[in-house]
>>> print(open('model_18.txt').read())   # compact mmCIF, C-alpha atoms
# COMPACT_ATOMS: atom_id res chain seq x y z
CA MET A 1 91.88 48.21 22.54
CA SER A 2 89.86 51.24 21.47
CA GLU A 3 90.26 54.24 23.74
CA ARG A 4 87.83 56.54 22.00
CA LEU A 5 84.06 56.34 21.95
CA LEU A 6 81.42 58.42 20.18
CA VAL A 7 78.03 58.65 21.85
CA ALA A 8 75.05 60.04 19.92
CA THR A 9 72.30 61.30 22.20
CA ARG A 10 69.00 63.16 22.27
CA LYS A 11 70.93 66.28 23.26
CA GLY A 12 74.18 66.16 21.38
CA LEU A 13 77.20 64.15 20.33
CA PHE A 14 79.78 63.25 22.93
CA GLU A 15 83.28 61.90 22.64
CA LEU A 16 84.87 59.95 25.47
CA ARG A 17 88.49 58.95 25.74
CA GLY A 18 90.41 56.77 28.11
CA ALA A 19 91.51 53.29 29.01
CA GLY A 20 89.75 50.94 31.35
CA ALA A 21 87.02 52.52 33.43
CA ALA A 22 88.68 55.93 33.23
CA LEU A 23 86.67 57.15 30.27
CA GLU A 24 86.06 60.86 30.36
CA ILE A 25 84.05 63.18 28.16
CA THR A 26 86.51 65.03 25.94
CA GLY A 27 84.20 66.35 23.23
CA ARG A 28 80.70 67.84 23.17
CA TRP A 29 79.12 68.85 19.89
CA PHE A 30 75.64 69.90 18.77
CA LEU A 31 74.51 70.32 22.37
CA GLY A 32 70.73 70.46 22.54
CA GLU A 33 70.27 68.76 19.18
CA PRO A 34 69.12 65.16 18.70
CA VAL A 35 71.92 63.16 17.07
CA THR A 36 70.48 60.12 15.33
CA ALA A 37 73.55 58.52 13.75
CA VAL A 38 77.30 58.90 13.83
CA LEU A 39 80.14 57.44 11.81
CA ARG A 40 83.88 57.87 11.74
CA ASP A 41 84.99 56.68 8.32
CA PRO A 42 88.09 54.60 9.03
CA ARG A 43 89.42 55.22 5.53
CA ASP A 44 89.96 58.95 5.86
CA GLY A 45 89.03 59.81 9.46
CA ALA A 46 86.05 61.97 8.50
CA ILE A 47 83.36 62.04 11.17
CA TYR A 48 79.71 62.31 10.17
CA ALA A 49 76.94 63.34 12.56
CA ALA A 50 73.27 63.13 11.55
CA LEU A 51 70.88 65.44 13.37
CA ASP A 52 67.11 65.43 13.64
CA LEU A 53 66.20 69.04 14.26
CA GLY A 54 62.52 68.26 14.53
CA HIS A 55 61.22 71.66 13.43
CA PHE A 56 63.76 72.14 10.69
CA GLY A 57 64.36 68.65 9.38
CA ALA A 58 67.20 66.14 9.27
CA LYS A 59 70.71 67.50 8.80
CA LEU A 60 74.17 66.06 8.27
CA HIS A 61 77.48 67.52 9.42
CA ARG A 62 81.00 66.38 8.60
CA SER A 63 84.27 67.05 10.37
CA ASP A 64 87.52 66.59 8.47
CA ASP A 65 89.69 67.52 11.44
CA ASP A 66 88.59 64.99 14.02
CA GLY A 67 85.88 67.16 15.54
CA ALA A 68 87.72 70.49 15.74
CA THR A 69 85.35 72.01 13.19
CA TRP A 70 82.18 70.84 11.48
CA ARG A 71 80.48 71.77 8.25
CA GLU A 72 76.90 71.11 7.23
CA VAL A 73 76.75 68.96 4.10
CA ALA A 74 73.86 67.70 2.00
CA VAL A 75 71.22 65.29 3.23
CA PRO A 76 69.58 62.53 1.23
CA SER A 77 66.60 63.98 -0.60
CA PHE A 78 63.47 62.49 -2.11
CA ALA A 79 62.95 65.48 -4.39
CA GLY A 80 61.33 64.27 -7.59
CA VAL A 81 60.64 60.81 -6.17
CA PRO A 82 57.02 59.70 -6.33
CA SER A 83 55.70 57.03 -4.02
CA PRO A 84 54.95 54.11 -6.35
CA GLY A 85 51.90 52.07 -5.61
CA ARG A 86 50.41 54.50 -3.17
CA ASP A 87 49.15 57.32 -5.28
CA ALA A 88 46.99 58.67 -2.50
CA ASP A 89 50.00 59.16 -0.24
CA PRO A 90 51.99 62.35 -0.34
CA PRO A 91 55.42 62.00 -1.95
CA PRO A 92 58.14 60.81 0.41
CA ALA A 93 60.34 63.27 2.27
CA LEU A 94 63.37 62.69 4.44
CA SER A 95 62.35 62.24 8.05
CA MET A 96 65.50 60.95 9.75
CA ILE A 97 68.95 59.57 8.97
CA TRP A 98 69.00 56.36 10.97
CA THR A 99 72.36 54.85 10.11
CA LEU A 100 75.59 55.73 8.30
CA GLU A 101 78.15 53.20 7.06
CA ALA A 102 81.26 53.23 4.89
CA ASP A 103 82.04 50.50 2.40
CA PRO A 104 85.58 49.45 3.35
CA ALA A 105 86.30 48.28 -0.19
CA ALA A 106 85.41 51.59 -1.84
CA THR A 107 87.95 54.31 -2.45
CA ALA A 108 88.07 56.96 0.24
CA GLY A 109 85.29 59.49 -0.12
CA GLY A 110 83.09 57.07 -2.01
CA GLY A 111 81.04 54.24 -0.63
CA LEU A 112 79.26 56.28 2.02
CA TRP A 113 75.81 54.85 2.63
CA ALA A 114 72.89 56.20 4.62
CA GLY A 115 69.79 54.37 5.78
CA VAL A 116 66.87 56.68 6.36
CA ILE A 117 63.24 57.00 7.31
CA PRO A 118 61.04 56.70 5.21
CA GLY A 119 62.62 53.45 4.05
CA GLY A 120 65.31 54.80 1.76
CA LEU A 121 68.89 53.75 1.17
CA PHE A 122 71.19 56.42 -0.22
CA GLY A 123 74.79 56.48 -1.42
CA SER A 124 77.35 59.24 -1.65
CA VAL A 125 80.61 59.24 -3.59
CA ASP A 126 81.73 62.69 -2.42
CA LYS A 127 81.75 62.49 1.37
CA GLY A 128 78.15 63.55 1.76
CA GLU A 129 78.21 66.56 -0.54
CA SER A 130 75.53 64.87 -2.62
CA TRP A 131 73.40 61.74 -2.33
CA THR A 132 71.71 59.31 -4.71
CA LEU A 133 68.69 57.22 -3.83
CA ASN A 134 69.29 53.51 -4.32
CA ARG A 135 66.49 52.82 -6.77
CA GLY A 136 67.15 49.10 -6.78
CA LEU A 137 65.79 48.84 -3.25
CA TRP A 138 63.33 51.73 -3.39
CA ASP A 139 61.62 50.32 -6.49
CA GLN A 140 61.02 46.89 -4.98
CA PRO A 141 57.26 46.24 -5.36
CA MET A 142 57.32 44.67 -1.90
CA ARG A 143 58.16 48.05 -0.39
CA ALA A 144 54.48 48.99 -0.69
CA GLU A 145 53.83 46.57 2.19
CA TRP A 146 56.51 47.96 4.51
CA PHE A 147 55.29 49.81 7.59
CA GLY A 148 56.72 51.77 10.46
CA GLY A 149 58.35 50.15 13.47
CA GLY A 150 58.91 52.58 16.31
CA PHE A 151 58.29 55.45 13.91
CA ASP A 152 55.36 56.29 11.69
CA GLN A 153 57.22 55.24 8.55
CA PRO A 154 59.57 52.34 7.75
CA GLY A 155 63.30 52.88 8.02
CA VAL A 156 66.63 51.38 6.95
CA HIS A 157 68.74 50.91 10.08
CA SER A 158 71.37 48.28 9.28
CA ILE A 159 73.87 48.27 6.40
CA SER A 160 76.48 45.52 6.57
CA PHE A 161 79.19 45.07 3.95
CA ASP A 162 80.97 41.79 3.38
CA PRO A 163 84.63 42.72 3.98
CA ARG A 164 85.72 40.09 1.43
CA ASP A 165 83.66 41.73 -1.29
CA GLY A 166 82.08 45.12 -0.72
CA ARG A 167 79.55 44.47 -3.47
CA LYS A 168 77.87 42.03 -1.08
CA VAL A 169 75.66 43.99 1.27
CA ALA A 170 72.99 43.10 3.79
CA VAL A 171 70.40 45.67 4.78
CA GLY A 172 67.80 45.61 7.54
CA VAL A 173 64.48 47.45 7.43
CA SER A 174 61.95 48.03 10.21
CA CYS A 175 59.49 46.88 9.16
CA GLY A 176 60.48 45.61 5.75
CA GLY A 177 62.68 42.54 6.13
CA ALA A 178 66.31 41.68 5.51
CA TRP A 179 67.69 42.36 2.03
CA LEU A 180 70.80 41.15 0.22
CA SER A 181 72.69 42.50 -2.76
CA ASP A 182 75.61 40.86 -4.55
CA ASP A 183 76.29 43.71 -6.94
CA GLY A 184 76.87 46.75 -4.79
CA GLY A 185 73.21 47.60 -4.48
CA GLU A 186 72.14 47.38 -8.12
CA THR A 187 69.78 44.51 -7.45
CA TRP A 188 68.28 43.21 -4.22
CA ARG A 189 66.45 40.18 -2.95
CA VAL A 190 64.63 39.79 0.32
CA SER A 191 66.05 37.00 2.47
CA ILE A 192 64.16 36.13 5.60
CA ALA A 193 63.87 32.32 5.35
CA GLY A 194 63.54 31.12 8.92
CA MET A 195 62.32 34.41 10.33
CA TRP A 196 58.74 34.79 11.45
CA ALA A 197 56.63 37.40 13.16
CA ASP A 198 54.09 36.78 15.89
CA TYR A 199 52.83 40.35 15.65
CA LEU A 200 51.13 39.44 12.35
CA PRO A 201 48.00 37.37 11.64
CA PRO A 202 48.80 33.63 11.32
CA GLN A 203 48.72 33.57 7.54
CA GLU A 204 51.09 36.56 7.36
CA ARG A 205 53.75 35.46 9.81
CA GLU A 206 56.34 34.59 7.22
CA ASN A 207 55.58 37.52 4.95
CA PRO A 208 59.05 38.82 4.05
CA ALA A 209 57.79 42.35 3.48
CA THR A 210 56.73 42.88 7.06
CA GLN A 211 59.47 41.24 9.10
CA ASP A 212 61.01 43.53 11.67
CA PRO A 213 64.71 42.85 12.09
CA HIS A 214 65.65 45.46 14.69
CA ARG A 215 69.36 45.17 14.01
CA ILE A 216 71.58 43.06 11.75
CA VAL A 217 75.34 42.70 12.39
CA ARG A 218 78.06 40.64 10.74
CA CYS A 219 81.21 38.98 12.08
CA ALA A 220 84.17 40.71 10.43
CA ALA A 221 86.40 37.62 10.40
CA ALA A 222 83.64 35.21 9.42
CA PRO A 223 81.43 37.33 7.17
CA ASP A 224 79.02 34.52 6.38
CA VAL A 225 77.79 34.71 9.98
CA LEU A 226 75.18 37.35 10.70
CA TRP A 227 73.16 37.91 13.84
CA THR A 228 69.76 39.59 13.89
CA GLN A 229 67.88 40.92 16.87
CA HIS A 230 64.36 40.75 15.46
CA HIS A 231 61.18 42.09 17.01
CA ASN A 232 60.16 38.51 17.42
CA GLY A 233 63.42 37.03 18.71
CA VAL A 234 67.02 36.35 17.82
CA PHE A 235 68.04 34.82 14.49
CA ARG A 236 71.44 33.70 13.22
CA SER A 237 72.65 33.00 9.72
CA VAL A 238 75.76 31.02 8.77
CA ASP A 239 75.26 31.37 5.01
CA ALA A 240 75.64 35.14 4.56
CA GLY A 241 71.98 35.82 5.25
CA LEU A 242 70.43 33.30 2.86
CA SER A 243 68.71 31.49 5.73
CA TRP A 244 68.13 32.14 9.42
CA ARG A 245 67.76 30.00 12.51
CA GLU A 246 65.76 31.17 15.51
CA ILE A 247 67.50 31.15 18.90
CA ALA A 248 65.66 31.52 22.20
CA ILE A 249 67.30 33.47 24.99
CA ALA A 250 66.45 33.76 28.68
CA PRO A 251 65.20 35.97 30.23
CA SER A 252 63.83 37.37 26.97
CA SER A 253 64.47 37.16 23.26
CA PHE A 254 63.06 40.64 22.74
CA GLY A 255 65.36 43.58 22.35
CA PHE A 256 66.76 45.99 19.83
CA ALA A 257 70.55 45.74 19.93
CA VAL A 258 73.05 43.03 19.07
CA ALA A 259 76.83 43.07 18.76
CA VAL A 260 78.99 40.27 17.39
CA HIS A 261 82.62 39.55 18.21
CA PRO A 262 84.82 40.72 15.32
CA ARG A 263 86.83 37.47 15.21
CA ASP A 264 84.62 34.86 16.85
CA PRO A 265 81.30 34.38 15.03
CA ASP A 266 79.96 32.31 17.92
CA THR A 267 80.22 35.17 20.41
CA ALA A 268 77.49 37.82 20.51
CA TRP A 269 75.89 40.16 23.03
CA PHE A 270 72.28 41.24 23.50
CA ALA A 271 70.29 43.65 25.67
CA PRO A 272 67.03 41.86 26.53
CA ALA A 273 63.77 43.56 27.46
CA THR A 274 60.28 42.40 28.25
CA SER A 275 58.46 41.60 25.05
CA ASP A 276 57.15 43.53 23.47
CA GLN A 277 54.56 46.02 24.55
CA GLN A 278 56.33 47.02 27.76
CA ARG A 279 59.96 47.32 26.66
CA TYR A 280 61.83 47.59 29.92
CA PRO A 281 64.33 45.19 31.52
CA VAL A 282 62.82 41.96 32.78
CA ASP A 283 61.84 42.38 36.45
CA GLY A 284 63.24 45.91 36.36
CA ARG A 285 66.80 44.63 36.36
CA PHE A 286 69.08 45.75 33.56
CA ILE A 287 71.33 42.96 32.28
CA LEU A 288 73.05 41.94 29.10
CA THR A 289 73.33 38.43 27.71
CA ARG A 290 76.20 36.75 25.91
CA THR A 291 76.66 33.58 23.97
CA ARG A 292 80.05 32.07 23.21
CA ASP A 293 78.81 28.96 21.45
CA GLY A 294 76.78 30.30 18.57
CA GLY A 295 73.59 30.52 20.56
CA ALA A 296 73.55 27.04 22.15
CA SER A 297 73.74 28.69 25.56
CA PHE A 298 73.65 32.18 27.03
CA GLU A 299 75.14 33.81 30.11
CA ARG A 300 73.49 36.63 32.01
CA LEU A 301 76.00 39.45 32.42
CA THR A 302 75.29 41.31 35.64
CA ALA A 303 78.59 42.27 37.31
CA GLY A 304 78.75 46.03 37.59
CA LEU A 305 75.21 46.53 36.30
CA PRO A 306 72.40 47.72 38.63
CA ASP A 307 70.98 44.91 40.75
CA HIS A 308 67.47 46.36 41.00
CA GLU A 309 65.09 49.10 39.88
CA SER A 310 66.76 49.84 36.56
CA TYR A 311 64.57 50.64 33.60
CA ASP A 312 67.20 51.22 30.95
CA LEU A 313 66.30 50.23 27.42
CA VAL A 314 69.00 49.91 24.75
CA TRP A 315 68.19 51.16 21.29
CA ARG A 316 69.38 49.32 18.21
CA HIS A 317 72.64 51.21 17.65
CA ALA A 318 73.59 51.66 21.30
CA LEU A 319 75.62 48.47 21.85
CA ASP A 320 79.07 48.21 20.30
CA VAL A 321 82.18 46.09 20.52
CA ASP A 322 85.63 47.28 19.48
CA ASP A 323 88.03 45.62 17.05
CA THR A 324 89.61 43.46 19.77
CA GLY A 325 86.30 41.96 20.84
CA ASP A 326 87.13 42.73 24.46
CA ARG A 327 85.91 46.29 24.89
CA LEU A 328 82.17 46.90 24.88
CA ALA A 329 80.00 49.95 25.37
CA VAL A 330 76.27 50.08 25.95
CA GLY A 331 74.09 53.17 26.29
CA SER A 332 70.50 53.42 27.40
CA THR A 333 67.35 55.43 26.91
CA THR A 334 67.75 56.80 30.41
CA GLY A 335 71.21 58.14 29.67
CA SER A 336 73.32 55.52 31.36
CA LEU A 337 76.57 54.47 29.75
CA TRP A 338 78.51 51.33 30.72
CA VAL A 339 81.75 49.91 29.38
CA SER A 340 83.50 46.58 29.78
CA ASP A 341 87.11 45.66 29.06
CA ASP A 342 86.72 41.92 29.44
CA ALA A 343 84.08 41.05 26.87
CA GLY A 344 81.26 41.76 29.28
CA ASP A 345 82.37 39.84 32.37
CA ARG A 346 82.40 43.06 34.38
CA TRP A 347 80.89 46.47 33.62
CA THR A 348 81.63 49.98 34.80
CA CYS A 349 79.10 52.79 34.74
CA VAL A 350 80.83 55.71 33.05
CA ASN A 351 77.94 58.15 33.38
CA ALA A 352 74.33 57.76 34.48
CA HIS A 353 73.24 61.28 33.57
CA LEU A 354 73.66 61.58 29.83
CA PRO A 355 70.72 62.38 27.56
CA PRO A 356 68.91 59.37 26.06
CA ILE A 357 71.48 57.49 23.97
CA ALA A 358 70.76 56.59 20.36
CA ALA A 359 74.11 55.16 19.33
CA VAL A 360 77.58 54.31 20.63
CA ARG A 361 80.60 53.65 18.45
CA TRP A 362 84.19 52.76 19.31
CA ILE A 363 86.58 54.50 16.95
CA MET B 364 58.79 95.74 0.77
CA ALA B 365 58.16 93.16 3.49
CA THR B 366 60.21 92.97 6.64
CA VAL B 367 61.30 89.52 7.80
CA THR B 368 62.61 88.42 11.18
CA PHE B 369 63.90 84.93 11.92
CA THR B 370 63.99 83.10 15.21
CA ASP B 371 67.43 83.06 16.86
CA ARG B 372 67.29 79.32 16.43
CA LEU B 373 68.03 79.89 12.73
CA ARG B 374 70.85 82.36 13.22
CA HIS B 375 73.41 80.06 11.59
CA VAL B 376 71.41 79.79 8.35
CA ALA B 377 69.40 83.04 8.21
CA PRO B 378 69.85 86.78 8.68
CA THR B 379 70.40 87.63 12.34
CA ARG B 380 68.64 90.98 12.00
CA THR B 381 65.31 91.97 10.50
CA VAL B 382 65.67 92.37 6.76
CA ALA B 383 63.58 94.09 4.11
CA VAL B 384 62.67 91.99 1.09
CA ASP B 385 60.97 92.97 -2.13
CA ALA B 386 58.68 90.00 -2.74
CA ALA B 387 55.02 89.41 -3.55
CA ARG B 388 54.57 86.05 -1.89
CA LEU B 389 56.04 84.21 1.08
CA LEU B 390 57.71 81.56 -1.09
CA GLU B 391 59.41 84.35 -2.97
CA VAL B 392 60.67 85.78 0.32
CA ILE B 393 62.38 82.49 1.05
CA ASP B 394 63.86 82.38 -2.45
CA VAL B 395 65.21 85.93 -2.26
CA ILE B 396 66.81 85.52 1.15
CA GLY B 397 68.05 82.09 0.13
CA ARG B 398 70.36 83.64 -2.44
CA ASP B 399 72.53 84.87 0.42
CA TYR B 400 71.70 82.03 2.81
CA PRO B 401 71.72 78.85 0.73
CA ASN B 402 71.06 76.49 3.63
CA LEU B 403 67.93 78.32 4.75
CA GLU B 404 65.49 76.66 2.38
CA SER B 405 66.15 73.16 3.67
CA TYR B 406 65.36 74.34 7.19
CA LEU B 407 61.97 75.77 6.20
CA LEU B 408 60.92 73.53 3.32
CA ASP B 409 61.08 69.77 2.86
CA ASP B 410 62.33 67.70 -0.10
CA HIS B 411 59.35 68.80 -2.19
CA ARG B 412 59.46 72.46 -1.17
CA ARG B 413 56.55 72.06 1.21
CA LEU B 414 56.56 74.15 4.39
CA ARG B 415 57.80 72.00 7.25
CA LYS B 416 55.01 71.08 9.66
CA HIS B 417 56.60 72.65 12.73
CA VAL B 418 57.76 75.90 11.19
CA ALA B 419 55.46 78.71 12.35
CA ILE B 420 55.21 81.78 10.14
CA PHE B 421 53.36 84.87 11.30
CA VAL B 422 52.32 87.51 8.77
CA ASP B 423 51.11 90.76 10.29
CA GLY B 424 50.58 89.01 13.58
CA ARG B 425 48.57 86.11 12.17
CA LEU B 426 49.80 82.52 12.07
CA VAL B 427 49.63 81.22 8.52
CA ARG B 428 49.72 77.49 7.94
CA GLY B 429 50.54 74.86 5.35
CA GLN B 430 50.95 75.27 1.64
CA ALA B 431 48.57 78.21 1.60
CA ALA B 432 51.11 80.13 3.65
CA LEU B 433 53.72 79.90 0.92
CA ASP B 434 51.28 81.17 -1.69
CA LEU B 435 50.00 84.00 0.46
CA VAL B 436 50.03 87.33 -1.33
CA LEU B 437 51.75 89.81 0.92
CA ALA B 438 50.26 93.21 1.66
CA PRO B 439 52.58 96.19 1.17
CA GLY B 440 54.83 96.54 4.21
CA ALA B 441 53.97 93.07 5.50
CA ASP B 442 55.65 92.15 8.78
CA ILE B 443 56.84 88.51 8.78
CA TYR B 444 58.18 86.45 11.64
CA VAL B 445 59.60 82.94 11.06
CA MET B 446 59.48 80.98 14.31
CA GLN B 447 59.59 77.39 15.49
CA ALA B 448 56.22 75.99 16.48
CA LEU B 449 55.90 74.66 20.00
CA SER B 450 54.24 71.60 18.48
CA GLY B 451 57.65 70.42 17.26
CA GLY B 452 58.81 69.43 20.73
>>> encode(input="model_18.txt", output="structure tokens")
Amino acid sequence: MSERLLVATRKGLFELRGAGAALEITGRWFLGEPVTAVLRDPRDGAIYAALDLGHFGAKLHRSDDDGATWREVAVPSFAGVPSPGRDADPPPALSMIWTLEADPAATAGGGLWAGVIPGGLFGSVDKGESWTLNRGLWDQPMRAEWFGGGFDQPGVHSISFDPRDGRKVAVGVSCGGAWLSDDGGETWRVSIAGMWADYLPPQERENPATQDPHRIVRCAAAPDVLWTQHHNGVFRSVDAGLSWREIAIAPSSFGFAVAVHPRDPDTAWFAPATSDQQRYPVDGRFILTRTRDGGASFERLTAGLPDHESYDLVWRHALDVDDTGDRLAVGSTTGSLWVSDDAGDRWTCVNAHLPPIAAVRWI
Amino acid sequence: MATVTFTDRLRHVAPTRTVAVDAARLLEVIDVIGRDYPNLESYLLDDHRRLRKHVAIFVDGRLVRGQAALDLVLAPGADIYVMQALSGG
């Protein structure tokens, strides 16, 4: 079971270590700075932390010694990139690094991918020393219809590699749909069959360009199974993202985060909130939900979570499960952090006073 | 020569003391100092070398804004402060 957790927050990056409920903060980096994404590359142990300095732009730091020291490396850049189809708009510029992922099939140092706002996907083959815009996705004519979800501009937030074949990648864009590539990102096709959006006019509800998948995750042991927490509900695919089936969850199908069991594609966890203008836990009670039968039924997970007056919202990267499928972590916008060692049956509050949490990751 | 002072917030990417720079325009000031502080430019300018929205630059006590700020012709002995705008949060 993982005994080390990285927590990216509005005011720094934290590391916690420990077994069971005895997790303690053992590392504090970039205090005072918003950390928007974090990755520990399992291939070489490098840790990447993306910052949003607000005044001074998005930055990326890498540690090659497990957090002892950090060095600022390059960020994805739109220098020289016009904005096709929208001549009146200013050219795009990096706003925020929203997600970082490593392609497990690539050689160490290569295969580092970043999803950013405004709607760009970038790759690095030198551990973040330089970045290349993925033109295959950026040049999609449909991108002209993308729009912001939660931010002024669209953003790439989910990058999921098929562990059987790293050339097969699924990407999620808010708001720009779910995209698949079979050739390592050279070519892309949008794949939202089954998804729909009730925030659009009736004739536009199945427009692939404006779907808002909040988060897309894949089962490691059954890579054809993907789960999506969409703005409009929960969707599941059993054919590697080619088609999606809607699943209704009580008390709400709205939320941002989803985690899937690494070995059991039928088991997934969600953090529901009132849809969709309010965005706080239903009835002011923070709970999680879990299915163990592929979405046929859901349990409300409440043991160890507040029983009233809790207004914690979970952002899209702030729910994670470790490689065993037993240990979970969830962090909230109000700085609460809970862990579970029994797949969510019981939860322990590790800290209720952290800064707003953007992402949690077992490493 | 212009004198340039950076906010402490930029101490890890910019001179920590006031420096004198021989430059005619503000953009040139950034270029000259950037030779010794290569990360500085990305903190002040975006991907297209536009002044970041929440970077506040004062020249002789006056806040100068936007692209015009970078093209501003500096008076001899100009006194420049590079700060972070409160609008940035």
>>> residues_near_point(input="model_18.txt", point="(71.2, 59.7, 13.1)", cutoff="9 Å", atoms="all atoms listed in the file", output="short mmCIF file (atom, residue, chain, number, x, y, z; two decimals) with C-alpha atoms, in the frame of the given file")
data_model
loop_
_atom_site.label_atom_id
_atom_site.label_comp_id
_atom_site.auth_asym_id
_atom_site.auth_seq_id
_atom_site.Cartn_x
_atom_site.Cartn_y
_atom_site.Cartn_z
CA ALA A 8 75.05 60.04 19.92
CA PRO A 34 69.12 65.16 18.70
CA VAL A 35 71.92 63.16 17.07
CA THR A 36 70.48 60.12 15.33
CA ALA A 37 73.55 58.52 13.75
CA VAL A 38 77.30 58.90 13.83
CA ALA A 49 76.94 63.34 12.56
CA ALA A 50 73.27 63.13 11.55
CA LEU A 51 70.88 65.44 13.37
CA ASP A 52 67.11 65.43 13.64
CA ALA A 58 67.20 66.14 9.27
CA LYS A 59 70.71 67.50 8.80
CA LEU A 60 74.17 66.06 8.27
CA MET A 96 65.50 60.95 9.75
CA ILE A 97 68.95 59.57 8.97
CA TRP A 98 69.00 56.36 10.97
CA THR A 99 72.36 54.85 10.11
CA LEU A 100 75.59 55.73 8.30
CA VAL A 116 66.87 56.68 6.36
CA ALA A 358 70.76 56.59 20.36
CA ALA A 359 74.11 55.16 19.33
#
>>> residues_around(input="model_18.txt", residues="Pro401 of chain B", least_positions_apart="2", cutoff="12 Å", atoms="all atoms listed in the file", output="VMD selection string")
(chain A and resid 72 to 74) or (chain B and resid 375 to 378 393 to 399 403 to 407)
>>> axis_aligned_box(input="model_18.txt", around="segment 373-389 of chain B", padding_each_side="3 Å", output="lines of an AutoDock Vina configuration file")
center_x = 64.0
center_y = 86.9
center_z = 4.8
size_x = 24.8
size_y = 20.3
size_z = 22.8
>>> interface_residues(input="model_18.txt", of="chain A", to="chain B", cutoff="8 Å", atoms="all atoms listed in the file", output="mmCIF file with C-alpha atoms, keeping the file's coordinate frame")
data_model
loop_
_atom_site.group_PDB
_atom_site.id
_atom_site.type_symbol
_atom_site.label_atom_id
_atom_site.label_comp_id
_atom_site.auth_asym_id
_atom_site.auth_seq_id
_atom_site.Cartn_x
_atom_site.Cartn_y
_atom_site.Cartn_z
ATOM 1 C CA GLY A 54 62.520 68.260 14.530
ATOM 2 C CA HIS A 55 61.220 71.660 13.430
ATOM 3 C CA PHE A 56 63.760 72.140 10.690
ATOM 4 C CA GLY A 57 64.360 68.650 9.380
ATOM 5 C CA SER A 77 66.600 63.980 -0.600
ATOM 6 C CA PHE A 78 63.470 62.490 -2.110
ATOM 7 C CA ALA A 79 62.950 65.480 -4.390
ATOM 8 C CA GLY A 80 61.330 64.270 -7.590
ATOM 9 C CA PRO A 91 55.420 62.000 -1.950
ATOM 10 C CA ALA A 93 60.340 63.270 2.270
ATOM 11 C CA LEU A 94 63.370 62.690 4.440
#
>>> residues_around(input="model_18.txt", residues="Pro439 of chain B", least_positions_apart="4", cutoff="10 Å", atoms="only C-alpha atoms", output="count of residues only")
6
>>> residues_around(input="model_18.txt", residues="segment 287-293 of chain A", least_positions_apart="5", cutoff="7 Å", atoms="only C-alpha atoms", output="JSON, numbers by chain")
{"A": [266, 267, 268, 269, 270, 271, 272, 298, 299, 300, 301, 302, 305]}
>>> atom_distance(input="model_18.txt", atom1="atom CA of Glu24 of chain A", atom2="atom CA of Asp345 of chain A")
21.4 Å
>>> atom_distance(input="model_18.txt", atom1="atom CA of Pro163 of chain A", atom2="atom CA of Gly184 of chain A")
12.4 Å
>>> atom_distance(input="model_18.txt", atom1="atom CA of Ser63 of chain A", atom2="atom CA of Trp29 of chain A")
11.0 Å
>>> residues_around(input="model_18.txt", residues="Leu433 of chain B", least_positions_apart="3", cutoff="7 Å", atoms="all atoms listed in the file", output="ChimeraX atom specification")
/B:388-390,430
>>> residues_around(input="model_18.txt", residues="segment 9-15 of chain A", least_positions_apart="4", cutoff="12 Å", atoms="only C-alpha atoms", output="PyMOL selection string")
chain A and resi 3-5+23-40+47-54+61+66-68+315+317-318+331-337+351+353-363
>>> write_last_selection(input="model_18.txt", atoms="C-alpha atoms", output="compact mmCIF listing (two decimals), keeping the file's coordinate frame")
# COMPACT_ATOMS: atom_id res chain seq x y z
CA GLU A 3 90.26 54.24 23.74
CA ARG A 4 87.83 56.54 22.00
CA LEU A 5 84.06 56.34 21.95
CA LEU A 23 86.67 57.15 30.27
CA GLU A 24 86.06 60.86 30.36
CA ILE A 25 84.05 63.18 28.16
CA THR A 26 86.51 65.03 25.94
CA GLY A 27 84.20 66.35 23.23
CA ARG A 28 80.70 67.84 23.17
CA TRP A 29 79.12 68.85 19.89
CA PHE A 30 75.64 69.90 18.77
CA LEU A 31 74.51 70.32 22.37
CA GLY A 32 70.73 70.46 22.54
CA GLU A 33 70.27 68.76 19.18
CA PRO A 34 69.12 65.16 18.70
CA VAL A 35 71.92 63.16 17.07
CA THR A 36 70.48 60.12 15.33
CA ALA A 37 73.55 58.52 13.75
CA VAL A 38 77.30 58.90 13.83
CA LEU A 39 80.14 57.44 11.81
CA ARG A 40 83.88 57.87 11.74
CA ILE A 47 83.36 62.04 11.17
CA TYR A 48 79.71 62.31 10.17
CA ALA A 49 76.94 63.34 12.56
CA ALA A 50 73.27 63.13 11.55
CA LEU A 51 70.88 65.44 13.37
CA ASP A 52 67.11 65.43 13.64
CA LEU A 53 66.20 69.04 14.26
CA GLY A 54 62.52 68.26 14.53
CA HIS A 61 77.48 67.52 9.42
CA ASP A 66 88.59 64.99 14.02
CA GLY A 67 85.88 67.16 15.54
CA ALA A 68 87.72 70.49 15.74
CA TRP A 315 68.19 51.16 21.29
CA HIS A 317 72.64 51.21 17.65
CA ALA A 318 73.59 51.66 21.30
CA GLY A 331 74.09 53.17 26.29
CA SER A 332 70.50 53.42 27.40
CA THR A 333 67.35 55.43 26.91
CA THR A 334 67.75 56.80 30.41
CA GLY A 335 71.21 58.14 29.67
CA SER A 336 73.32 55.52 31.36
CA LEU A 337 76.57 54.47 29.75
CA ASN A 351 77.94 58.15 33.38
CA HIS A 353 73.24 61.28 33.57
CA LEU A 354 73.66 61.58 29.83
CA PRO A 355 70.72 62.38 27.56
CA PRO A 356 68.91 59.37 26.06
CA ILE A 357 71.48 57.49 23.97
CA ALA A 358 70.76 56.59 20.36
CA ALA A 359 74.11 55.16 19.33
CA VAL A 360 77.58 54.31 20.63
CA ARG A 361 80.60 53.65 18.45
CA TRP A 362 84.19 52.76 19.31
CA ILE A 363 86.58 54.50 16.95
